[in-house]
Amino acid sequence: MSFEVAIFGSLALSPGDMKAWKRVVVDPARYRVIARVFPRCPNLQPTAVGELLKELPAAGGYDLFRIERDGGMYSVRGQFAERPFRKYSRHLAALFMSAAQVDIRGDVYFLGTGVREGYAVQLWGGRPVLATLEPEEIERRSRDPMLDAISDHFRVATASTPPSPPALPSPESSRRPLLRLQREPGDEVDPDDATD
């Protein structure tokens, strides 16, 4: 059974950090944890981040891999078919782990759709962390709204607007009495009971 992998997360970096990061060389062999987490996946040639960012969209089989500015942060969005993910998994992990070299912070997740497989790269100062997600964390991450923008398997409901509130009665119509009583000539009229 083949599956897809959604890649998503947020990174805190400045435009200067992005320029510096694009010059960093991605080499999975620098991180022993990558071989432990992805033991049967190939090691590809070391590649500069800038070149890898150009290569990855087409490599995943969906032409979807982006790191884009989103307010004060950068959003990571991607989708890979299973076979390309297995081929590039070490490079993908090393790509985000290498961001720690230029003090980029954030979290990026690789989450299999329809299977219980998930990984996280965490960058919060110091050494980057790569971990296999536990089933509870996979379940929690599978409800992340960022997935809506990535996969056909996760859709956001179409935008809707609530119905307009009912029209309020005009002040004149609210002053009309609901029951009109007959008056005798000469009866005193209460100003609130006067009609037009």
# chains A, B, ... in the order shown; residues from 1 in each chain; ligands from 1
>>> residues_around(residues="Ile104 in chain A", least_positions_apart="5", cutoff="10 Å", atoms="only C-alpha atoms", output="PyMOL selection string")
chain A and resi 11-14+17-18+21+96-99+123-125
>>> residues_around(residues="Val37 in chain A", least_positions_apart="2", cutoff="10 Å", atoms="only C-alpha atoms", output="short mmCIF file (atom, residue, chain, number, x, y, z; two decimals) with N, CA, C and O atoms, in the first residue's frame")
data_model
loop_
_atom_site.label_atom_id
_atom_site.label_comp_id
_atom_site.auth_asym_id
_atom_site.auth_seq_id
_atom_site.Cartn_x
_atom_site.Cartn_y
_atom_site.Cartn_z
N ARG A 32 24.07 11.71 12.63
CA ARG A 32 23.92 10.26 12.81
C ARG A 32 22.47 9.84 13.03
O ARG A 32 22.06 8.76 12.63
N VAL A 33 21.70 10.71 13.65
CA VAL A 33 20.30 10.38 13.94
C VAL A 33 19.50 10.13 12.66
O VAL A 33 18.56 9.32 12.65
N ILE A 34 19.86 10.77 11.58
CA ILE A 34 19.13 10.59 10.32
C ILE A 34 19.21 9.14 9.84
O ILE A 34 18.21 8.55 9.43
N ALA A 35 20.39 8.53 9.93
CA ALA A 35 20.55 7.13 9.52
C ALA A 35 19.76 6.19 10.43
O ALA A 35 19.25 5.16 9.98
N PRO A 39 16.70 4.24 8.19
CA PRO A 39 17.80 3.29 7.96
C PRO A 39 17.88 2.71 6.55
O PRO A 39 18.97 2.40 6.08
N ARG A 40 16.78 2.54 5.85
CA ARG A 40 16.81 1.91 4.54
C ARG A 40 16.74 2.92 3.39
O ARG A 40 16.53 2.54 2.24
N CYS A 41 16.91 4.17 3.69
CA CYS A 41 16.82 5.22 2.66
C CYS A 41 18.21 5.59 2.18
O CYS A 41 19.17 5.57 2.95
N SER A 89 14.11 11.33 1.93
CA SER A 89 13.84 11.55 3.36
C SER A 89 15.07 12.03 4.13
O SER A 89 14.96 12.92 4.96
N ARG A 90 16.21 11.45 3.86
CA ARG A 90 17.43 11.88 4.58
C ARG A 90 17.78 13.32 4.21
O ARG A 90 18.17 14.10 5.08
N ALA A 93 15.24 15.72 5.92
CA ALA A 93 15.56 15.89 7.35
C ALA A 93 16.80 16.76 7.52
O ALA A 93 16.82 17.69 8.33
N TYR A 119 7.24 12.09 11.42
CA TYR A 119 8.54 12.52 11.92
C TYR A 119 8.48 14.02 12.20
O TYR A 119 7.68 14.73 11.62
N LEU A 130 15.66 15.41 15.51
CA LEU A 130 14.84 14.64 14.57
C LEU A 130 14.26 13.48 15.36
O LEU A 130 14.99 12.75 16.03
N ALA A 131 12.94 13.33 15.31
CA ALA A 131 12.29 12.27 16.09
C ALA A 131 11.19 11.61 15.29
O ALA A 131 10.54 12.25 14.45
N THR A 132 10.97 10.33 15.56
CA THR A 132 9.82 9.61 15.03
C THR A 132 8.65 9.92 15.95
O THR A 132 8.79 9.86 17.18
#
>>> residues_around(residues="range 74-85 of chain A", least_positions_apart="6", cutoff="8 Å", atoms="only C-alpha atoms", output="count of residues only")
27
>>> select_by_dssp(residues="range 18-176 of chain A", states="helix (DSSP H, G or I)", output="MDAnalysis selection string")
chainID A and resid 18:23 28:30 32:37 49:59 82:102 135:141 145:149 171:175
>>> select_by_dssp(residues="range 94-125 of chain A", states="strand (DSSP E or B)", output="list in words")
Arg105, Gly106, Asp107, Val108, Tyr109, Phe110, Leu111, Gly112, Thr113, Gly118, Tyr119, Ala120, Val121, Gln122 and Leu123 of chain A
>>> closest_residue(among="A:Ala100, A:Gly114, A:Lys54, A:Arg140", to="Arg127 in chain A", atoms="only C-alpha atoms")
A:Ala100
